[in-house]
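Have a look at the structure below, then the notes.
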Amino acid sequence: MSMWGPTLLAADRTRFRLWAPGCGNVTLEMDFSWGTASVAMACGADDWFEVVADVGAGTRYRFRVSDDLAIPDPASRAQAGDVHGWSVVVDPDAYRWQTDGWQGRPWEETILYECHPGVMGGFAGVAETLPALADIGITAIELMPVAAFSGTRNWGYDGVLPYAPAAAYGTPDDLKALIDRAHSLGLMVFLDVVYNHFGPDGNYLPGIAPDFFDERRHTPWGAAIAFGRNEVAHYFIDNARMWIEEYRFDGLRFDAVHAIEDNAFLDRLAAEIRAGAGDRHVHLVLENESNDAERLGDEQFDAQWNDDFHNVLHVLLTGESGAYYQDFADHPAERLARCLAEGFIYQGEGSPNHDGKPRGKPSAHLPPTRFVSFLQNHDQIGNRALGERLVLLVDTPRLKAATAMLLLCPQIPLLFMGEEIGSRSPFLFFTDFHDELADAVREGRRKEFAKFPAFADPEQREKIPDPNAIATHEVSRALPGSDVADWRDFYRSLIAIRRDRIVPALTDAQSIDAKAIGDRSVVARWRLGDGATLTLALNLGDAMVSTETPDVAPIVMVGTGLVDGALAPASLIAWLEPAA
């Protein structure tokens with residue numbers, strides 16, 4: 001049983017709990033068709049208020065914490081509407097699963113597809129896309145955060161009720177139906193969860209539980225969360241276990257754990273998730289801007305997002321070197337070679353974008369499958385002022401060559417929704433805030449881009465779309481490009497080669513070496529688990545580059561390939577040499 005939130009004791013009997021050390025009294029209020037009813041909650045040990053009421057699933061309720069303030073349950077499992085309104089009691093066992101035998105898939109088989117439910121028609125809309133994704137070989141979808149947020153539109157990283165799926169996307173059972181459908185097609189489902197902060201509108205915890213936060217430490221979002229308190233740790237641990245055990249997600253991606261700054265909590269979180277998951281394949285992935293490899297050395301966490309892979313390839317593809325891309329602007333081919341061979345590029349070196357401070361820890365000892373790599377994701381498109389995708393920034397031959405590197409190297413690949421259909425639609429940052437908060441978000445967004453040369457002029461910054469405008473959300477739907485069939489066939493063919501020739505031997509794969517063979521060209525080799533050698537040669541430059549080639553026929557050639565023993569521009573070639 002979760003420490004937080006309502007618990008159904010019987011069909012018509014529910015226990016309500018609230019940790020509120022900042023409150024002298026708390027009253028449970030319930031909303032019925034005939035009116036409202038109230039009952040005082042008893043304060044027990046450790047400032048937990050509790051009461052049992054003769055009500056069941058579907059009951060609307062909230063907590064009266066003062067004469068002039070009633071709040072939703074911070075652990076609400078569903079909201080009747082907005083995050084400021086009534087919470088709803090949910091029966092966690094009401095949904096009838098159709099895929100009870102599903103045990104998940106091994107990590108090595110993972111090909112992730114990150115998507116935003118809000119621009120895909122909610123949970124039902126995502127479910128409709130699953131057959132097409134399975135057809136091209138995707139093995140896992142990753143939902144951007146679904147925690148309830150203020151308004152009806154949000155990226156997801158402003159959630160304030162982590163236990164409640166956003167009502168704008170559908171009901172808890174709608175989300176379960178999406179997961180059920182995915183499992184029936186052989187697809188895993190991951191969820192991006194945000195445990196480092198709460199959004200700016202609808203978080204009532206500071207008022208009722210000041211000890212939930214540590215005022216001595218600050219993050220970009222305000223006071224840090226006090227994970228050292230057991231009540232606080234359980235708030236997030238129980239939430240993670242709910243997603244895995246009740247909703248049957250196959251994995252979680254933990255957003256920006258560098259802002260959590262509590263490795264003991266992260267280790268406890270992973271251990272308790274795995275203890276509750278039984279023998280299912282459950283995968284836990286970190287995002288950590290600090291390139292901290294220490295959490296990847298055991299079996300608690302499967303992998304970490306590797307921004308370095310994206311950043312250096314973005315520089316090689318576009319030539320952009322502003323803001324954080326300056327860290328990768330010098331000798332980018334050598335940096336890509338290190339990324340392919342060792343995982344992180346920054347492993348303790350000083351980073352220009354971080355004021356020369358050391359960033360990262362050694363990662364060369366880790367297997368390549370400990371890293372999730374990507375050419376695009378929600379951050380790397382949506383955090384562009386105009387939300388442009390690479391298909392608009394890079395010529396198609398070079399983009400296809402880089403995509404082949406992503407899909408064929410032994411690191412775990414992640415695609416962003418729309419890549420597989422050649423979408424030219426932008427993916428913008430969007431919210432649904434109002435009044436002063438809306439103004440602050442709009443102006444903050446424009447101020448953020450002042451450091452980019454293209455937006456140094458205030459008049460240019462005025463052209464950045466307003467995050468709160470409905471049009472900003474609507475235009476972010478990924479519409480297929482005119483060459484959709486070509487892109488689908490391209491992804492399908494590469495994923496089939498990865499599935500059939502590379503994935504079966506990914507366990508125990510390790511790097512042999514990687515080196516730059518030109519200003520924008522690299523060659524990398526890995527020893528796979530069956531002893532075979534995988535070699536990838538990539539040329540993103542404008543000139544032919546010389547390279548040694550294995551004495552076997554290529555398994556893949558993207559672009560012109562080899563001409564008189566030299567690798568042509570905008571080309572990738574892959575070879576697979578069997579074990580001697």
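Identifiers for the structure tokens are assigned positionally: chains receive A, B, ... in sequence, residues are indexed from 1 per chain, and ligands are indexed from 1 in the order shown.
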
Identify, on the basis of only C-alpha atoms, every residue whose closest approach to stretch 463-468 of chain A does not exceed 12 Å; exclude the query and any residue fewer than 3 positions from it along the same chain; express the result as a count of residues only.
-> 49

Near A:Ile573, counting only C-alpha atoms, which residues have an atom at most 9 Å away, once you skip same-chain residues fewer than 2 positions from it, shown as a ChimeraX atom specification?
-> /A:401,404-405,535-538,554-559,561-562,567,571,575

Any chance you can output those residues with C-alpha atoms as a compact mmCIF listing (two decimals), in the first residue's frame?
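Result file is again01.txt:
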```txt
# COMPACT_ATOMS: atom_id res chain seq x y z
CA ALA A 401 24.01 8.97 -42.98
CA ALA A 404 22.27 5.21 -39.93
CA MET A 405 25.06 5.78 -37.41
CA THR A 535 32.71 -1.47 -38.11
CA LEU A 536 30.98 1.80 -38.96
CA ALA A 537 32.54 4.46 -41.19
CA LEU A 538 30.80 7.84 -41.42
CA PRO A 554 29.18 -4.31 -46.24
CA ILE A 555 25.90 -5.10 -44.52
CA VAL A 556 24.71 -1.50 -45.04
CA MET A 557 25.72 1.32 -47.35
CA VAL A 558 23.95 4.69 -47.06
CA GLY A 559 24.85 7.26 -49.70
CA GLY A 561 29.72 4.75 -50.16
CA LEU A 562 33.20 3.80 -51.38
CA LEU A 567 34.52 7.11 -48.43
CA SER A 571 27.91 8.28 -46.60
CA TRP A 575 30.61 -4.10 -41.97
```

For stretch 347-364 of chain A, list every protein, DNA or RNA residue within 6 Å, evaluated using only C-alpha atoms, and leave out those in the same chain fewer than 3 positions away; present the list as a list in words.
->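 Skipping anything fewer than 3 positions along the chain leaves Ser290, Asn291, Asp292, Ala293, Tyr324, Asp327 and Glu342 of chain A.
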
Near stretch 268-275 of chain A, 12 Å: stretch 290-328 of chain A residue rows, closest pairs, only C-alpha atoms, as JSON lines:
```
{"residue": "A:Arg295", "atom": "CA", "partner": "A:Ala270", "partner_atom": "CA", "distance": 10.2}
{"residue": "A:Leu296", "atom": "CA", "partner": "A:Ala270", "partner_atom": "CA", "distance": 11.7}
{"residue": "A:Asp298", "atom": "CA", "partner": "A:Ala270", "partner_atom": "CA", "distance": 11.1}
{"residue": "A:Glu299", "atom": "CA", "partner": "A:Ala270", "partner_atom": "CA", "distance": 9.3}
{"residue": "A:Gln300", "atom": "CA", "partner": "A:Ala270", "partner_atom": "CA", "distance": 5.6}
{"residue": "A:Phe301", "atom": "CA", "partner": "A:Ala270", "partner_atom": "CA", "distance": 7.0}
{"residue": "A:Asp302", "atom": "CA", "partner": "A:Ala270", "partner_atom": "CA", "distance": 10.3}
```

Keeping all heavy atoms, export the residues of the selection given above as a PDB file, in the first residue's frame.
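Saved the output as result.pdb:
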```
ATOM      1  N   ARG A 295      26.277   5.782 -11.427  1.00  0.00           N
ATOM      2  CA  ARG A 295      25.030   5.034 -11.255  1.00  0.00           C
ATOM      3  C   ARG A 295      24.873   3.940 -12.315  1.00  0.00           C
ATOM      4  O   ARG A 295      23.902   3.193 -12.293  1.00  0.00           O
ATOM      5  CB  ARG A 295      23.819   5.978 -11.362  1.00  0.00           C
ATOM      6  CG  ARG A 295      23.878   7.185 -10.455  1.00  0.00           C
ATOM      7  CD  ARG A 295      23.197   6.964  -9.121  1.00  0.00           C
ATOM      8  NE  ARG A 295      23.893   6.159  -8.179  1.00  0.00           N
ATOM      9  CZ  ARG A 295      25.018   6.527  -7.555  1.00  0.00           C
ATOM     10  NH1 ARG A 295      25.602   7.649  -7.821  1.00  0.00           N
ATOM     11  NH2 ARG A 295      25.576   5.723  -6.691  1.00  0.00           N
ATOM     12  N   LEU A 296      25.800   3.860 -13.266  1.00  0.00           N
ATOM     13  CA  LEU A 296      25.657   2.931 -14.389  1.00  0.00           C
ATOM     14  C   LEU A 296      26.523   1.694 -14.241  1.00  0.00           C
ATOM     15  O   LEU A 296      26.554   0.849 -15.129  1.00  0.00           O
ATOM     16  CB  LEU A 296      26.015   3.644 -15.705  1.00  0.00           C
ATOM     17  CG  LEU A 296      25.231   4.916 -16.006  1.00  0.00           C
ATOM     18  CD1 LEU A 296      25.739   5.563 -17.284  1.00  0.00           C
ATOM     19  CD2 LEU A 296      23.746   4.603 -16.122  1.00  0.00           C
ATOM     20  N   ASP A 298      26.312  -0.787 -11.999  1.00  0.00           N
ATOM     21  CA  ASP A 298      25.704  -2.013 -11.481  1.00  0.00           C
ATOM     22  C   ASP A 298      24.403  -2.265 -12.226  1.00  0.00           C
ATOM     23  O   ASP A 298      24.179  -1.744 -13.305  1.00  0.00           O
ATOM     24  CB  ASP A 298      25.474  -1.914  -9.963  1.00  0.00           C
ATOM     25  CG  ASP A 298      24.668  -0.660  -9.576  1.00  0.00           C
ATOM     26  OD1 ASP A 298      23.826  -0.232 -10.391  1.00  0.00           O
ATOM     27  OD2 ASP A 298      24.872  -0.141  -8.472  1.00  0.00           O
ATOM     28  N   GLU A 299      23.530  -3.063 -11.656  1.00  0.00           N
ATOM     29  CA  GLU A 299      22.296  -3.447 -12.349  1.00  0.00           C
ATOM     30  C   GLU A 299      21.089  -2.606 -11.945  1.00  0.00           C
ATOM     31  O   GLU A 299      19.974  -2.905 -12.344  1.00  0.00           O
ATOM     32  CB  GLU A 299      22.000  -4.932 -12.075  1.00  0.00           C
ATOM     33  CG  GLU A 299      23.090  -5.872 -12.570  1.00  0.00           C
ATOM     34  CD  GLU A 299      23.406  -5.682 -14.042  1.00  0.00           C
ATOM     35  OE1 GLU A 299      22.460  -5.564 -14.840  1.00  0.00           O
ATOM     36  OE2 GLU A 299      24.594  -5.613 -14.390  1.00  0.00           O
ATOM     37  N   GLN A 300      21.298  -1.552 -11.157  1.00  0.00           N
ATOM     38  CA  GLN A 300      20.158  -0.764 -10.713  1.00  0.00           C
ATOM     39  C   GLN A 300      19.579   0.073 -11.850  1.00  0.00           C
ATOM     40  O   GLN A 300      18.367   0.119 -12.054  1.00  0.00           O
ATOM     41  CB  GLN A 300      20.569   0.137  -9.542  1.00  0.00           C
ATOM     42  CG  GLN A 300      20.969  -0.634  -8.272  1.00  0.00           C
ATOM     43  CD  GLN A 300      19.787  -1.251  -7.571  1.00  0.00           C
ATOM     44  OE1 GLN A 300      19.057  -2.039  -8.159  1.00  0.00           O
ATOM     45  NE2 GLN A 300      19.590  -0.924  -6.308  1.00  0.00           N
ATOM     46  N   PHE A 301      20.455   0.768 -12.576  1.00  0.00           N
ATOM     47  CA  PHE A 301      20.015   1.588 -13.705  1.00  0.00           C
ATOM     48  C   PHE A 301      20.581   1.006 -14.990  1.00  0.00           C
ATOM     49  O   PHE A 301      21.744   0.612 -15.059  1.00  0.00           O
ATOM     50  CB  PHE A 301      20.466   3.037 -13.532  1.00  0.00           C
ATOM     51  CG  PHE A 301      19.789   3.737 -12.387  1.00  0.00           C
ATOM     52  CD1 PHE A 301      20.401   3.827 -11.148  1.00  0.00           C
ATOM     53  CD2 PHE A 301      18.519   4.280 -12.543  1.00  0.00           C
ATOM     54  CE1 PHE A 301      19.776   4.456 -10.085  1.00  0.00           C
ATOM     55  CE2 PHE A 301      17.877   4.917 -11.479  1.00  0.00           C
ATOM     56  CZ  PHE A 301      18.509   4.998 -10.246  1.00  0.00           C
ATOM     57  N   ASP A 302      19.739   0.959 -16.020  1.00  0.00           N
ATOM     58  CA  ASP A 302      20.146   0.342 -17.283  1.00  0.00           C
ATOM     59  C   ASP A 302      21.018   1.252 -18.124  1.00  0.00           C
ATOM     60  O   ASP A 302      21.933   0.781 -18.809  1.00  0.00           O
ATOM     61  CB  ASP A 302      18.905  -0.046 -18.101  1.00  0.00           C
ATOM     62  CG  ASP A 302      18.107  -1.138 -17.427  1.00  0.00           C
ATOM     63  OD1 ASP A 302      17.275  -0.814 -16.562  1.00  0.00           O
ATOM     64  OD2 ASP A 302      18.331  -2.310 -17.746  1.00  0.00           O
TER      65      ASP A 302
END
```

Take atom CA of A:Arg488 and atom CA of A:Leu143 and report the distance between them in Å, one decimal.
->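 According to the coordinates, atom CA of A:Arg488 and atom CA of A:Leu143 are separated by 21.0 Å.
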
Which residues, written as a list in words, have at least one atom at most 12 Å from A:Arg389, with only C-alpha atoms counted and residues fewer than 6 positions away on the same chain left out?
-> His314, Thr318, Leu375, Gln376, Asn377, His378, Asp379, Gln380, Ile381, Gly382, Asn383, Asp395, Leu399, Phe416, Met417, Gly418, Glu419, Gly422, Ser423, Arg424, Ser425, Pro426, Phe427, Leu428, Ser476, Ala478 and Gly481 of chain A

Would you put the residues from that selection into a file with N, CA, C and O atoms, as a short mmCIF file (atom, residue, chain, number, x, y, z; two decimals), in the first residue's frame?
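Result went into part.cif, see below:
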```cif
data_model
loop_
_atom_site.label_atom_id
_atom_site.label_comp_id
_atom_site.auth_asym_id
_atom_site.auth_seq_id
_atom_site.Cartn_x
_atom_site.Cartn_y
_atom_site.Cartn_z
N HIS A 314 25.19 17.23 -33.91
CA HIS A 314 24.50 18.46 -34.35
C HIS A 314 25.53 19.46 -34.90
O HIS A 314 25.28 20.11 -35.92
N THR A 318 25.28 20.65 -38.72
CA THR A 318 24.76 22.00 -38.97
C THR A 318 25.83 23.08 -38.94
O THR A 318 25.60 24.18 -39.46
N LEU A 375 19.59 11.76 -32.24
CA LEU A 375 19.87 12.95 -33.04
C LEU A 375 18.92 14.07 -32.68
O LEU A 375 19.23 15.26 -32.87
N GLN A 376 17.74 13.72 -32.17
CA GLN A 376 16.72 14.70 -31.81
C GLN A 376 15.93 14.16 -30.62
O GLN A 376 15.79 12.95 -30.46
N ASN A 377 15.42 15.07 -29.81
CA ASN A 377 14.46 14.71 -28.76
C ASN A 377 13.66 15.96 -28.42
O ASN A 377 13.81 17.00 -29.08
N HIS A 378 12.80 15.88 -27.41
CA HIS A 378 11.95 17.03 -27.11
C HIS A 378 12.77 18.26 -26.76
O HIS A 378 12.43 19.37 -27.16
N ASP A 379 13.85 18.07 -26.00
CA ASP A 379 14.70 19.20 -25.62
C ASP A 379 15.38 19.81 -26.84
O ASP A 379 15.38 21.02 -27.03
N GLN A 380 15.99 18.95 -27.64
CA GLN A 380 16.87 19.44 -28.68
C GLN A 380 16.12 20.03 -29.87
O GLN A 380 16.72 20.70 -30.70
N ILE A 381 14.83 19.77 -29.96
CA ILE A 381 14.00 20.48 -30.95
C ILE A 381 13.24 21.59 -30.24
O ILE A 381 13.30 22.76 -30.63
N GLY A 382 12.52 21.25 -29.19
CA GLY A 382 11.66 22.22 -28.52
C GLY A 382 12.42 23.35 -27.86
O GLY A 382 11.86 24.43 -27.66
N ASN A 383 13.68 23.13 -27.49
CA ASN A 383 14.45 24.21 -26.90
C ASN A 383 15.15 25.08 -27.94
O ASN A 383 15.94 25.95 -27.58
N ASP A 395 20.85 18.74 -45.21
CA ASP A 395 20.43 18.09 -46.44
C ASP A 395 20.17 16.61 -46.17
O ASP A 395 20.77 15.99 -45.30
N LEU A 399 21.71 13.75 -43.37
CA LEU A 399 20.84 13.36 -42.28
C LEU A 399 20.64 11.84 -42.28
O LEU A 399 20.64 11.20 -41.22
N PHE A 416 12.67 10.69 -32.12
CA PHE A 416 11.62 11.59 -31.65
C PHE A 416 10.46 11.56 -32.64
O PHE A 416 10.66 11.47 -33.85
N MET A 417 9.25 11.62 -32.11
CA MET A 417 8.06 11.49 -32.93
C MET A 417 8.13 12.37 -34.17
O MET A 417 8.48 13.55 -34.10
N GLY A 418 7.82 11.78 -35.31
CA GLY A 418 7.84 12.50 -36.56
C GLY A 418 9.07 12.25 -37.40
O GLY A 418 9.04 12.48 -38.62
N GLU A 419 10.17 11.80 -36.80
CA GLU A 419 11.37 11.52 -37.59
C GLU A 419 11.08 10.49 -38.67
O GLU A 419 11.56 10.62 -39.81
N GLY A 422 9.38 11.86 -41.82
CA GLY A 422 9.94 13.04 -42.46
C GLY A 422 9.21 14.32 -42.14
O GLY A 422 9.13 15.23 -42.96
N SER A 423 8.68 14.42 -40.92
CA SER A 423 7.87 15.58 -40.55
C SER A 423 8.68 16.87 -40.58
O SER A 423 9.80 16.93 -40.07
N ARG A 424 8.11 17.90 -41.20
CA ARG A 424 8.69 19.24 -41.18
C ARG A 424 8.03 20.13 -40.11
O ARG A 424 8.39 21.30 -39.96
N SER A 425 7.07 19.59 -39.39
CA SER A 425 6.38 20.38 -38.37
C SER A 425 7.35 20.77 -37.27
O SER A 425 8.17 19.96 -36.85
N PRO A 426 7.24 21.98 -36.75
CA PRO A 426 8.08 22.32 -35.59
C PRO A 426 7.57 21.60 -34.35
O PRO A 426 6.43 21.13 -34.31
N PHE A 427 8.42 21.49 -33.36
CA PHE A 427 7.97 21.08 -32.03
C PHE A 427 8.42 22.18 -31.09
O PHE A 427 9.60 22.34 -30.80
N LEU A 428 7.45 22.96 -30.64
CA LEU A 428 7.71 24.16 -29.86
C LEU A 428 7.46 23.93 -28.37
O LEU A 428 6.80 22.96 -27.97
N SER A 476 2.54 22.13 -33.32
CA SER A 476 3.54 21.16 -32.90
C SER A 476 3.13 19.72 -33.16
O SER A 476 3.87 18.79 -32.81
N ALA A 478 3.00 16.53 -35.24
CA ALA A 478 3.93 16.06 -36.28
C ALA A 478 3.17 15.56 -37.50
O ALA A 478 2.64 14.44 -37.51
N GLY A 481 5.76 14.39 -43.83
CA GLY A 481 6.31 15.13 -44.95
C GLY A 481 5.86 14.53 -46.28
O GLY A 481 5.25 13.45 -46.32
#
```

Got a sec: who's within 9 Å of stretch 496-505 of chain A, counting only C-alpha atoms, leaving out chain neighbours fewer than 3 positions off, as a list in words?
->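 Answer for this query is Glu108, Glu109, Ile136, Gly137, Leu407, Leu408, Cys409, Pro410, Tyr491, Arg492, Ser493, Asp508, Ala509, Leu528, Gly529, Asp530, Gly531, Ala532, Leu534, Ile555, Val556 and Leu576 of chain A.
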
Of the listed residues A:Pro72, A:Gly44, A:Gly35, A:Pro413, that which approaches A:Tyr163 most closely, counting only C-alpha atoms =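 Nearest candidate to A:Tyr163 out of A:Pro72, A:Gly44, A:Gly35, A:Pro413: A:Pro72.
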